[in-house]
>>> print(open('target_20.cif').read())   # mmCIF, C-alpha atoms
data_run
loop_
_atom_site.label_atom_id
_atom_site.label_comp_id
_atom_site.auth_asym_id
_atom_site.auth_seq_id
_atom_site.Cartn_x
_atom_site.Cartn_y
_atom_site.Cartn_z
CA MET A 1 24.99 -23.38 3.19
CA PRO A 2 21.19 -23.14 2.78
CA LYS A 3 19.34 -21.55 5.72
CA ASN A 4 16.04 -22.85 7.09
CA PHE A 5 13.08 -20.70 8.10
CA ILE A 6 9.47 -21.21 9.11
CA GLU A 7 6.95 -18.49 8.19
CA GLY A 8 3.24 -18.92 8.76
CA LYS A 9 2.45 -22.37 7.36
CA ALA A 10 5.51 -22.44 5.09
CA LYS A 11 8.83 -24.19 5.54
CA LEU A 12 11.58 -22.45 3.61
CA LYS A 13 15.11 -23.44 2.68
CA ILE A 14 16.98 -20.45 1.26
CA SER A 15 19.88 -21.19 -1.06
CA ASP A 16 23.03 -19.07 -1.09
CA GLY A 17 22.64 -16.11 -3.44
CA VAL A 18 18.81 -16.14 -3.43
CA PHE A 19 17.15 -13.05 -1.97
CA TYR A 20 15.10 -13.53 1.18
CA ASN A 21 14.41 -10.80 3.73
CA PRO A 22 13.13 -12.16 7.08
CA GLU A 23 12.21 -8.58 8.07
CA MET A 24 9.43 -8.72 5.47
CA GLU A 25 7.63 -11.53 7.29
CA LEU A 26 5.12 -9.05 8.72
CA CYS A 27 4.38 -7.78 5.21
CA ARG A 28 3.84 -11.32 3.97
CA ASP A 29 1.60 -11.98 6.99
CA MET A 30 -0.42 -8.84 6.31
CA PHE A 31 -1.02 -9.54 2.64
CA SER A 32 -1.72 -13.22 3.12
CA LEU A 33 -4.52 -12.00 5.40
CA CYS A 34 -5.55 -9.56 2.68
CA ILE A 35 -5.66 -12.28 0.01
CA GLY A 36 -7.60 -14.58 2.34
CA ALA A 37 -10.17 -11.85 3.05
CA LEU A 38 -10.96 -11.27 -0.64
CA PRO A 39 -14.38 -12.60 -1.70
CA ALA A 40 -13.21 -14.55 -4.75
CA LYS A 41 -11.47 -17.71 -5.93
CA LEU A 42 -8.07 -16.67 -7.25
CA SER A 43 -5.45 -17.98 -9.61
CA VAL A 44 -2.34 -16.06 -8.51
CA ILE A 45 1.07 -15.33 -10.01
CA ASP A 46 3.94 -14.24 -7.79
CA ALA A 47 5.71 -12.53 -10.65
CA MET A 48 9.08 -11.92 -8.93
CA CYS A 49 9.07 -14.75 -6.44
CA ALA A 50 12.78 -15.11 -5.45
CA SER A 51 12.65 -17.97 -2.88
CA GLY A 52 8.90 -18.35 -3.41
CA ALA A 53 8.12 -17.44 0.20
CA ARG A 54 5.21 -15.08 -0.51
CA GLY A 55 3.47 -17.14 -3.19
CA ILE A 56 3.87 -20.40 -1.26
CA ARG A 57 2.31 -18.81 1.80
CA TYR A 58 -0.58 -17.39 -0.22
CA LYS A 59 -1.45 -20.92 -1.43
CA LEU A 60 -0.89 -22.74 1.86
CA GLU A 61 -2.80 -20.29 4.02
CA ASN A 62 -5.75 -19.27 1.85
CA ARG A 63 -8.53 -21.57 0.70
CA ASN A 64 -9.62 -19.08 -1.95
CA VAL A 65 -6.27 -19.38 -3.79
CA SER A 66 -7.05 -22.12 -6.30
CA ALA A 67 -3.67 -22.07 -8.05
CA ILE A 68 -0.30 -20.36 -7.70
CA THR A 69 2.40 -19.72 -10.27
CA LEU A 70 5.88 -18.70 -9.14
CA CYS A 71 8.10 -16.78 -11.57
CA ASP A 72 11.64 -15.47 -11.44
CA GLN A 73 14.12 -14.83 -14.23
CA SER A 74 17.02 -15.96 -12.04
CA LYS A 75 17.76 -19.67 -12.55
CA LYS A 76 19.08 -19.90 -8.99
CA ALA A 77 15.93 -18.31 -7.55
CA ALA A 78 13.59 -20.46 -9.66
CA GLU A 79 15.41 -23.60 -8.55
CA CYS A 80 15.18 -22.50 -4.90
CA ALA A 81 11.44 -21.87 -5.36
CA ARG A 82 11.00 -25.36 -6.86
CA LYS A 83 12.73 -26.91 -3.86
CA ASN A 84 10.52 -24.95 -1.47
CA VAL A 85 7.40 -26.05 -3.34
CA LYS A 86 8.54 -29.66 -2.95
CA LEU A 87 9.45 -29.10 0.71
CA ASN A 88 5.90 -27.90 1.40
CA LYS A 89 4.34 -30.80 -0.60
CA MET A 90 2.48 -28.45 -2.93
CA ARG A 91 1.31 -28.55 -6.50
CA CYS A 92 2.62 -25.37 -8.04
CA LYS A 93 3.95 -24.16 -11.37
CA VAL A 94 7.40 -22.56 -11.29
CA ILE A 95 8.62 -20.54 -14.29
CA CYS A 96 12.13 -19.27 -14.97
CA ALA A 97 11.44 -16.34 -17.28
CA PRO A 98 11.29 -12.53 -17.37
CA THR A 99 8.23 -11.15 -15.60
CA GLN A 100 6.79 -9.63 -18.77
CA LEU A 101 6.89 -12.96 -20.61
CA ALA A 102 5.29 -14.91 -17.77
CA LEU A 103 2.47 -12.37 -17.47
CA ARG A 104 1.65 -12.58 -21.18
CA LYS A 105 1.45 -16.37 -21.21
CA GLY A 106 -0.78 -16.92 -18.15
CA ASP A 107 -4.39 -16.47 -17.09
CA TYR A 108 -4.42 -14.97 -13.60
CA ASP A 109 -6.97 -13.39 -11.28
CA LEU A 110 -4.35 -11.73 -9.08
CA VAL A 111 -0.90 -10.47 -9.98
CA GLU A 112 1.59 -10.12 -7.12
CA LEU A 113 4.42 -7.74 -8.06
CA ASP A 114 7.20 -7.17 -5.53
CA PRO A 115 10.22 -5.74 -7.40
CA PHE A 116 13.44 -4.14 -6.22
CA GLY A 117 12.74 -0.40 -6.29
CA SER A 118 10.02 0.93 -8.56
CA PRO A 119 7.24 -1.23 -10.05
CA GLN A 120 6.61 1.38 -12.74
CA PRO A 121 8.49 -0.44 -15.60
CA PHE A 122 6.17 -3.45 -15.19
CA LEU A 123 2.77 -1.77 -14.88
CA HIS A 124 1.92 -1.80 -18.59
CA ASP A 125 2.64 -5.53 -18.83
CA VAL A 126 0.48 -6.22 -15.76
CA ALA A 127 -2.37 -4.18 -17.25
CA SER A 128 -2.08 -5.98 -20.61
CA SER A 129 -2.11 -9.39 -18.92
CA LEU A 130 -5.38 -8.57 -17.14
CA GLU A 131 -7.13 -6.73 -19.99
CA ALA A 132 -9.51 -9.60 -20.78
CA LYS A 133 -10.62 -10.07 -17.18
CA LYS A 134 -14.00 -8.73 -16.03
CA GLU A 135 -12.62 -8.49 -12.50
CA ALA A 136 -9.16 -9.08 -11.05
CA TYR A 137 -6.74 -7.88 -8.37
CA PHE A 138 -3.27 -6.36 -8.37
CA SER A 139 -0.94 -6.40 -5.37
CA VAL A 140 2.04 -4.08 -5.84
CA THR A 141 5.06 -3.07 -3.75
CA ALA A 142 7.38 -0.07 -4.08
CA THR A 143 10.64 0.32 -2.16
CA ASP A 144 11.95 3.48 -3.85
CA MET A 145 10.76 5.60 -0.93
CA ALA A 146 13.32 8.37 -1.33
CA VAL A 147 11.86 8.95 -4.79
CA LEU A 148 8.18 8.73 -3.83
CA CYS A 149 8.59 10.74 -0.61
CA GLY A 150 10.26 13.73 -2.24
CA ALA A 151 13.99 13.40 -1.55
CA HIS A 152 14.58 12.82 -5.29
CA SER A 153 11.79 14.77 -6.94
CA ALA A 154 13.30 14.66 -10.44
CA ALA A 155 13.36 10.84 -10.34
CA CYS A 156 9.72 10.81 -9.20
CA LEU A 157 8.74 13.04 -12.09
CA LYS A 158 10.67 10.81 -14.51
CA ASN A 159 9.42 7.48 -13.14
CA TYR A 160 5.87 8.28 -12.01
CA PHE A 161 5.07 11.50 -13.95
CA SER A 162 4.29 13.12 -10.60
CA ILE A 163 5.82 15.83 -8.42
CA PRO A 164 6.24 14.49 -4.84
CA LEU A 165 6.07 16.39 -1.56
CA ASP A 166 8.65 16.12 1.21
CA ASN A 167 6.53 16.77 4.31
CA GLU A 168 5.05 15.02 7.36
CA PHE A 169 2.52 12.98 5.36
CA CYS A 170 4.93 12.04 2.56
CA HIS A 171 4.31 8.29 3.03
CA GLU A 172 0.61 8.75 2.33
CA ASN A 173 1.54 10.89 -0.68
CA ALA A 174 3.80 8.02 -1.83
CA CYS A 175 0.84 5.61 -1.77
CA ARG A 176 -1.28 8.09 -3.68
CA ILE A 177 1.39 8.66 -6.33
CA LEU A 178 1.68 4.91 -6.87
CA VAL A 179 -2.10 4.47 -7.11
CA SER A 180 -2.30 7.33 -9.61
CA SER A 181 0.41 5.68 -11.69
CA VAL A 182 -1.52 2.38 -11.74
CA ILE A 183 -4.75 4.15 -12.71
CA ARG A 184 -2.95 5.97 -15.51
CA GLU A 185 -1.57 2.70 -16.97
CA PHE A 186 -4.78 0.68 -16.62
CA SER A 187 -7.46 3.19 -17.69
CA PRO A 188 -6.53 3.32 -21.44
CA LEU A 189 -7.35 -0.42 -21.53
CA GLY A 190 -10.78 0.26 -20.03
CA ILE A 191 -9.78 -1.08 -16.61
CA ALA A 192 -10.90 0.78 -13.49
CA ALA A 193 -8.42 0.41 -10.60
CA TYR A 194 -9.70 0.83 -7.03
CA PRO A 195 -7.26 0.77 -4.09
CA ILE A 196 -8.75 -1.37 -1.31
CA PHE A 197 -5.82 -1.68 1.09
CA ALA A 198 -2.76 0.57 1.39
CA PHE A 199 0.06 -0.17 3.80
CA SER A 200 3.24 1.71 4.68
CA HIS A 201 5.93 0.13 6.82
CA ARG A 202 9.66 0.78 7.21
CA HIS A 203 11.25 1.04 3.74
CA TYR A 204 8.26 0.16 1.53
CA ILE A 205 4.66 0.77 0.63
CA LYS A 206 2.31 -1.95 -0.60
CA ILE A 207 -1.15 -1.58 -2.12
CA ILE A 208 -3.76 -4.01 -3.34
CA LEU A 209 -6.21 -2.80 -5.97
CA ARG A 210 -9.47 -4.25 -7.23
CA LEU A 211 -9.70 -4.10 -11.02
CA LYS A 212 -12.87 -3.93 -13.06
CA LYS A 213 -13.24 -3.96 -16.84
CA ASN A 214 -15.50 -0.96 -17.33
CA ALA A 215 -14.58 2.07 -19.42
CA GLU A 216 -17.00 4.44 -17.65
CA GLU A 217 -15.70 3.46 -14.22
CA ALA A 218 -12.13 3.82 -15.49
CA VAL A 219 -12.96 7.45 -16.34
CA PHE A 220 -14.51 7.87 -12.88
CA GLN A 221 -11.26 6.69 -11.25
CA VAL A 222 -9.15 8.99 -13.41
CA LYS A 223 -11.28 11.86 -12.10
CA LYS A 224 -10.12 10.94 -8.59
CA THR A 225 -6.60 12.03 -9.45
CA GLY A 226 -5.53 15.57 -8.70
CA PHE A 227 -3.11 17.59 -6.60
CA VAL A 228 -2.38 18.33 -2.97
CA SER A 229 -1.39 21.88 -2.01
CA TYR A 230 0.57 22.41 1.19
CA CYS A 231 1.94 25.24 3.32
CA HIS A 232 5.24 24.50 5.07
CA ALA A 233 4.67 27.43 7.45
CA CYS A 234 1.41 26.31 9.11
CA CYS A 235 0.85 22.75 7.78
CA TYR A 236 -2.33 23.73 5.88
CA ARG A 237 -3.21 21.20 3.16
CA LYS A 238 -5.87 20.93 0.49
CA ALA A 239 -6.49 18.14 -2.06
CA ALA A 240 -8.36 19.05 -5.24
CA ARG A 241 -8.60 18.26 -8.96
CA ILE A 242 -6.44 21.31 -9.66
CA PRO A 243 -3.99 23.09 -7.31
CA VAL A 244 -5.48 25.74 -5.04
CA ALA A 245 -4.17 29.31 -4.82
CA ALA A 246 -0.43 29.98 -4.72
CA GLU A 247 -0.91 31.73 -1.37
CA CYS A 248 -1.92 29.81 1.80
CA LEU A 249 -5.57 30.41 2.63
CA HIS A 250 -4.73 30.34 6.34
CA CYS A 251 -1.42 32.19 6.89
CA LYS A 252 -0.80 33.77 3.45
CA GLU A 253 2.61 32.10 3.01
CA LYS A 254 3.62 30.49 -0.27
CA MET A 255 2.02 27.11 -1.09
CA VAL A 256 3.74 24.14 -2.74
CA HIS A 257 1.89 21.62 -4.92
CA ALA A 258 2.32 17.87 -5.52
CA GLY A 259 0.75 15.62 -8.15
CA PRO A 260 -0.92 14.37 -10.07
CA LEU A 261 -1.79 11.79 -7.43
CA TYR A 262 -4.82 9.90 -6.20
CA ILE A 263 -7.13 11.94 -3.93
CA GLY A 264 -9.83 9.30 -3.30
CA GLU A 265 -10.13 6.68 -0.55
CA LEU A 266 -7.24 4.28 0.03
CA TRP A 267 -9.04 1.54 1.95
CA ASP A 268 -12.12 -0.65 1.96
CA THR A 269 -13.00 -0.64 5.67
CA SER A 270 -14.86 -3.96 5.48
CA LEU A 271 -11.76 -5.64 4.03
CA ALA A 272 -9.59 -4.39 6.91
CA GLU A 273 -12.19 -5.68 9.38
CA ARG A 274 -12.26 -9.12 7.70
CA MET A 275 -8.45 -9.20 7.85
CA LEU A 276 -8.63 -8.41 11.56
CA ALA A 277 -11.01 -11.34 12.16
CA LEU A 278 -8.82 -13.66 10.09
CA ASN A 279 -5.73 -12.61 12.03
CA ALA A 280 -7.40 -13.70 15.28
CA GLU A 281 -7.88 -17.19 13.81
CA ARG A 282 -4.39 -17.66 12.37
CA LYS A 283 -2.26 -16.71 15.37
CA TYR A 284 0.83 -15.66 13.41
CA ARG A 285 4.07 -14.94 15.23
CA ASN A 286 3.35 -11.24 14.53
CA ALA A 287 -0.34 -11.52 15.51
CA ARG A 288 -0.28 -8.74 18.12
CA LYS A 289 1.52 -6.29 15.83
CA LEU A 290 -0.87 -7.15 13.01
CA GLU A 291 -3.89 -6.68 15.26
CA LYS A 292 -2.70 -3.24 16.35
CA LEU A 293 -1.91 -2.16 12.78
CA LEU A 294 -5.21 -3.47 11.39
CA MET A 295 -7.24 -1.84 14.15
CA THR A 296 -5.53 1.46 13.33
CA VAL A 297 -6.09 1.07 9.59
CA ALA A 298 -9.75 0.09 10.05
CA ALA A 299 -10.32 3.14 12.26
CA GLU A 300 -8.50 5.68 10.08
CA SER A 301 -10.14 4.33 6.91
CA LYS A 302 -13.49 5.65 8.15
CA ILE A 303 -12.27 9.26 8.20
CA ARG A 304 -12.65 11.03 4.87
CA ALA A 305 -9.63 13.33 5.00
CA TYR A 306 -6.43 13.79 3.01
CA GLY A 307 -3.22 13.54 5.01
CA TYR A 308 -2.59 13.51 8.73
CA TYR A 309 -1.13 15.84 11.37
CA ASP A 310 2.16 14.97 13.05
CA LEU A 311 1.71 16.51 16.51
CA HIS A 312 5.45 17.19 16.91
CA ILE A 313 5.67 19.12 13.64
CA LEU A 314 2.40 20.94 14.34
CA ALA A 315 3.70 22.05 17.75
CA LYS A 316 6.93 23.25 16.18
CA LYS A 317 5.29 25.23 13.38
CA ALA A 318 1.74 26.24 14.14
CA VAL A 319 0.49 25.68 17.70
CA SER A 320 1.75 26.79 21.09
CA ARG A 321 2.04 23.42 22.84
CA ILE A 322 2.22 19.68 22.24
CA PHE A 323 -0.46 17.31 23.44
CA SER A 324 -0.26 13.57 23.94
CA MET A 325 -1.93 11.48 21.24
CA GLU A 326 -4.78 10.53 23.56
CA ASP A 327 -5.38 14.11 24.70
CA ALA A 328 -5.27 15.53 21.16
CA ILE A 329 -7.73 12.93 19.87
CA ALA A 330 -10.05 13.48 22.84
CA ARG A 331 -10.05 17.27 22.34
CA ILE A 332 -10.85 17.00 18.64
CA ARG A 333 -13.65 14.51 19.28
CA LYS A 334 -15.07 16.70 22.03
CA ALA A 335 -15.27 19.52 19.48
CA GLY A 336 -17.48 17.30 17.30
CA PHE A 337 -15.00 15.95 14.75
CA ALA A 338 -13.61 12.50 14.00
CA ALA A 339 -10.02 11.75 14.99
CA GLU A 340 -7.93 8.58 15.00
CA ARG A 341 -4.32 7.48 14.97
CA THR A 342 -2.78 6.67 11.59
CA HIS A 343 -0.63 3.64 10.80
CA PHE A 344 1.58 5.85 8.63
CA CYS A 345 3.18 7.63 11.60
CA PRO A 346 3.19 6.87 15.37
CA THR A 347 3.03 10.56 16.34
CA ALA A 348 0.26 11.59 13.95
CA ILE A 349 -3.52 11.74 13.85
CA ARG A 350 -6.06 11.74 11.05
CA THR A 351 -9.06 14.01 11.44
CA ASP A 352 -11.87 15.50 9.38
CA ALA A 353 -11.67 18.77 11.33
CA PRO A 354 -10.92 21.83 9.13
CA HIS A 355 -7.35 23.11 9.44
CA GLU A 356 -8.27 26.25 11.35
CA LYS A 357 -10.24 24.13 13.85
CA VAL A 358 -7.28 21.79 14.35
CA LEU A 359 -5.04 24.77 15.19
CA GLU A 360 -7.70 26.29 17.44
CA ILE A 361 -8.34 23.04 19.36
CA LEU A 362 -4.66 22.19 19.82
CA SER A 363 -3.41 25.69 20.71
#
>>> encode(input="target_20.cif", output="structure tokens")
Amino acid sequence: MPKNFIEGKAKLKISDGVFYNPEMELCRDMFSLCIGALPAKLSVIDAMCASGARGIRYKLENRNVSAITLCDQSKKAAECARKNVKLNKMRCKVICAPTQLALRKGDYDLVELDPFGSPQPFLHDVASSLEAKKEAYFSVTATDMAVLCGAHSAACLKNYFSIPLDNEFCHENACRILVSSVIREFSPLGIAAYPIFAFSHRHYIKIILRLKKNAEEAVFQVKKTGFVSYCHACCYRKAARIPVAAECLHCKEKMVHAGPLYIGELWDTSLAERMLALNAERKYRNARKLEKLLMTVAAESKIRAYGYYDLHILAKKAVSRIFSMEDAIARIRKAGFAAERTHFCPTAIRTDAPHEKVLEILS
């Protein structure tokens, strides 16, 4: 029997055998806000639409979405999406075809790619479909977190051409590996890819990137890829174009290195702030959670620092006591440095304080 749901402005009837995860409603809320906060009129393709929930919401909730195309290679999913389009009294094109074929045949300003597992096999086709655009956007999801976060490092090397790092800021590393992979696929076509909003939640990461057809800027973005070096003994970390010394500069223990990955900024602060304002207007079911998350992202996006410090792990490895989040942030700020919570981890802080100062302040 079909099941009925209401999400945002969308009414959904989910047929048996068609994938729909109600736990991803917050993600669809978040990125509908993100789409609505973009300063452009957009023709959008939801390239793996399943029930059509995400693409239908993008069109219903955002005035700047001029057209939406829903695509799925499953006949059952495409038929379910058609029924949901009709249920919501929309004008919308629905295609039953492989993602690669649909991308080649359309003219889109934003590609939404939400696959099972890794998006890597589809990145070249996305890049090719947007090659003629002066400016465009790419919204991409990855759910292969065990791979990106370092539990399966060989698979990460095979799929993303990057060595991961299994440590306290592995979810940020995961975002940076994915961004690096996108940059690597897009830059040979003269497309510069800029991450403007990165989000990590539960079993997935999702990133939206602004794309610009400019060979010089593509080179500039490639130069923002590098490596992060890390010491498991004292939590020291350093991001650079090439790995730093094999020995920790702080405690002299052996360093490990991850990359190549993106070492630039992951967010456009003004976009997060526009999303926050839009959330106040829309009053989603998850509005309070979204407000808290967006306030955290907007705050942490202003701090130019790689990684974050999990206070529990820091207390276990490198400092003599554990502080509350509020106390730790207050102490770091009092010492003259920036410090904020991070949305990546509820027990972690992001700060621009040098590592030795962090240990000194929190000891």
>>> residues_around(input="target_20.cif", residues="Glu265 of chain A", least_positions_apart="5", cutoff="9 Å", atoms="all atoms listed in the file", output="MDAnalysis selection string")
chainID A and resid 194:196 301 304:306
>>> resolve_selection(input="target_20.cif", expression="the PyMOL selection byres ((chain A and resi 57) around 10)", output="list in words")
Glu7, Gly8, Lys9, Ala10, Lys11, Arg28, Asp29, Phe31, Ser32, Gly52, Ala53, Arg54, Gly55, Ile56, Tyr58, Lys59, Leu60, Glu61, Asn62, Ile68 and Asn88 of chain A
>>> closest_residue(input="target_20.cif", among="A:Glu253, A:Asp144, A:Asp125, A:Glu172", to="Ala102 of chain A", atoms="all atoms listed in the file")
A:Asp125
>>> residues_around(input="target_20.cif", residues="Lys292 of chain A", least_positions_apart="4", cutoff="10 Å", atoms="all atoms listed in the file", output="list of chain:residue names")
A:Leu276, A:Ala287, A:Arg288, A:Thr296, A:Val297, A:His343
>>> closest_residue(input="target_20.cif", among="A:Phe344, A:Phe19, A:Phe199, A:Tyr108", to="Tyr309 of chain A", atoms="only C-alpha atoms")
A:Phe344
>>> residues_near_point(input="target_20.cif", point="(-8.3, -9.1, 9.0)", cutoff="12 Å", atoms="only C-alpha atoms", output="ChimeraX atom specification")
/A:29-38,197,268-283,287,290-298
>>> closest_residue(input="target_20.cif", among="A:Asn21, A:Thr351, A:Ser187, A:Asn173", to="Tyr230 of chain A", atoms="only C-alpha atoms")
A:Asn173
>>> resolve_selection(input="target_20.cif", expression="the PyMOL selection byres ((chain A and resi 258) around 6)", output="ChimeraX atom specification")
/A:163-165,227-228,257,259
>>> atom_distance(input="target_20.cif", atom1="atom CA of His203 of chain A", atom2="atom CA of Leu266 of chain A")
19.1 Å
>>> closest_residue(input="target_20.cif", among="A:Gly106, A:Pro98, A:Pro188, A:Gly226", to="His124 of chain A", atoms="all atoms listed in the file")
A:Pro188
>>> residues_near_point(input="target_20.cif", point="(-20.6, 15.1, 9.6)", cutoff="10 Å", atoms="all atoms listed in the file", output="MDAnalysis selection string")
chainID A and resid 336:338 352:353
>>> axis_aligned_box(input="target_20.cif", around="segment 5-11 of chain A", padding_each_side="8 Å", output="JSON")
{"center_x": 7.8, "center_y": -21.3, "center_z": 7.1, "size_x": 26.6, "size_y": 21.7, "size_z": 20.0}
>>> resolve_selection(input="target_20.cif", expression="the PyMOL selection byres ((chain A and resi 150) around 8)", output="ChimeraX atom specification")
/A:146-149,151-153,156,163-166,170
>>> atom_distance(input="target_20.cif", atom1="atom CA of Pro260 of chain A", atom2="atom CA of Ala299 of chain A")
26.7 Å
>>> residues_around(input="target_20.cif", residues="Ala81 of chain A", least_positions_apart="2", cutoff="6 Å", atoms="all atoms listed in the file", output="list of chain:residue names")
A:Ser51, A:Gly52, A:Ala78, A:Glu79, A:Lys83, A:Asn84
>>> atom_distance(input="target_20.cif", atom1="atom CA of Glu135 of chain A", atom2="atom CA of Val44 of chain A")
13.4 Å
>>> residues_around(input="target_20.cif", residues="Ala47 of chain A", least_positions_apart="4", cutoff="6 Å", atoms="all atoms listed in the file", output="PyMOL selection string")
chain A and resi 71+99+112-113
>>> closest_residue(input="target_20.cif", among="A:Ile14, A:Gly264, A:Glu356, A:Cys235", to="His312 of chain A", atoms="only C-alpha atoms")
A:Cys235
>>> closest_residue(input="target_20.cif", among="A:Arg104, A:Lys76, A:Lys41, A:His232", to="Ala127 of chain A", atoms="all atoms listed in the file")
A:Arg104
>>> residues_around(input="target_20.cif", residues="Ser320 of chain A", least_positions_apart="4", cutoff="10 Å", atoms="all atoms listed in the file", output="list in words")
Leu314, Ala315, Lys316, Leu359, Leu362 and Ser363 of chain A
>>> decode(input="target_20.cif", residues="segment 212-234 of chain A", atoms="C-alpha atoms", output="compact mmCIF listing (two decimals), in the first residue's frame")
# COMPACT_ATOMS: atom_id res chain seq x y z
CA LYS A 212 32.54 29.17 -12.88
CA LYS A 213 33.90 28.67 -16.39
CA ASN A 214 37.35 30.20 -16.01
CA ALA A 215 40.59 28.31 -16.61
CA GLU A 216 42.73 30.62 -14.45
CA GLU A 217 40.34 30.32 -11.51
CA ALA A 218 40.22 26.55 -12.00
CA VAL A 219 44.01 26.51 -11.50
CA PHE A 220 43.58 28.71 -8.42
CA GLN A 221 41.16 26.18 -6.91
CA VAL A 222 43.46 23.27 -7.68
CA LYS A 223 46.14 25.10 -5.70
CA LYS A 224 43.81 24.95 -2.68
CA THR A 225 44.22 21.19 -2.54
CA GLY A 226 46.91 19.72 -0.33
CA PHE A 227 47.43 17.52 2.72
CA VAL A 228 46.68 17.52 6.42
CA SER A 229 49.32 16.17 8.79
CA TYR A 230 48.22 14.93 12.20
CA CYS A 231 49.71 13.61 15.44
CA HIS A 232 47.63 10.97 17.23
CA ALA A 233 49.61 11.55 20.44
CA CYS A 234 48.84 15.24 21.05
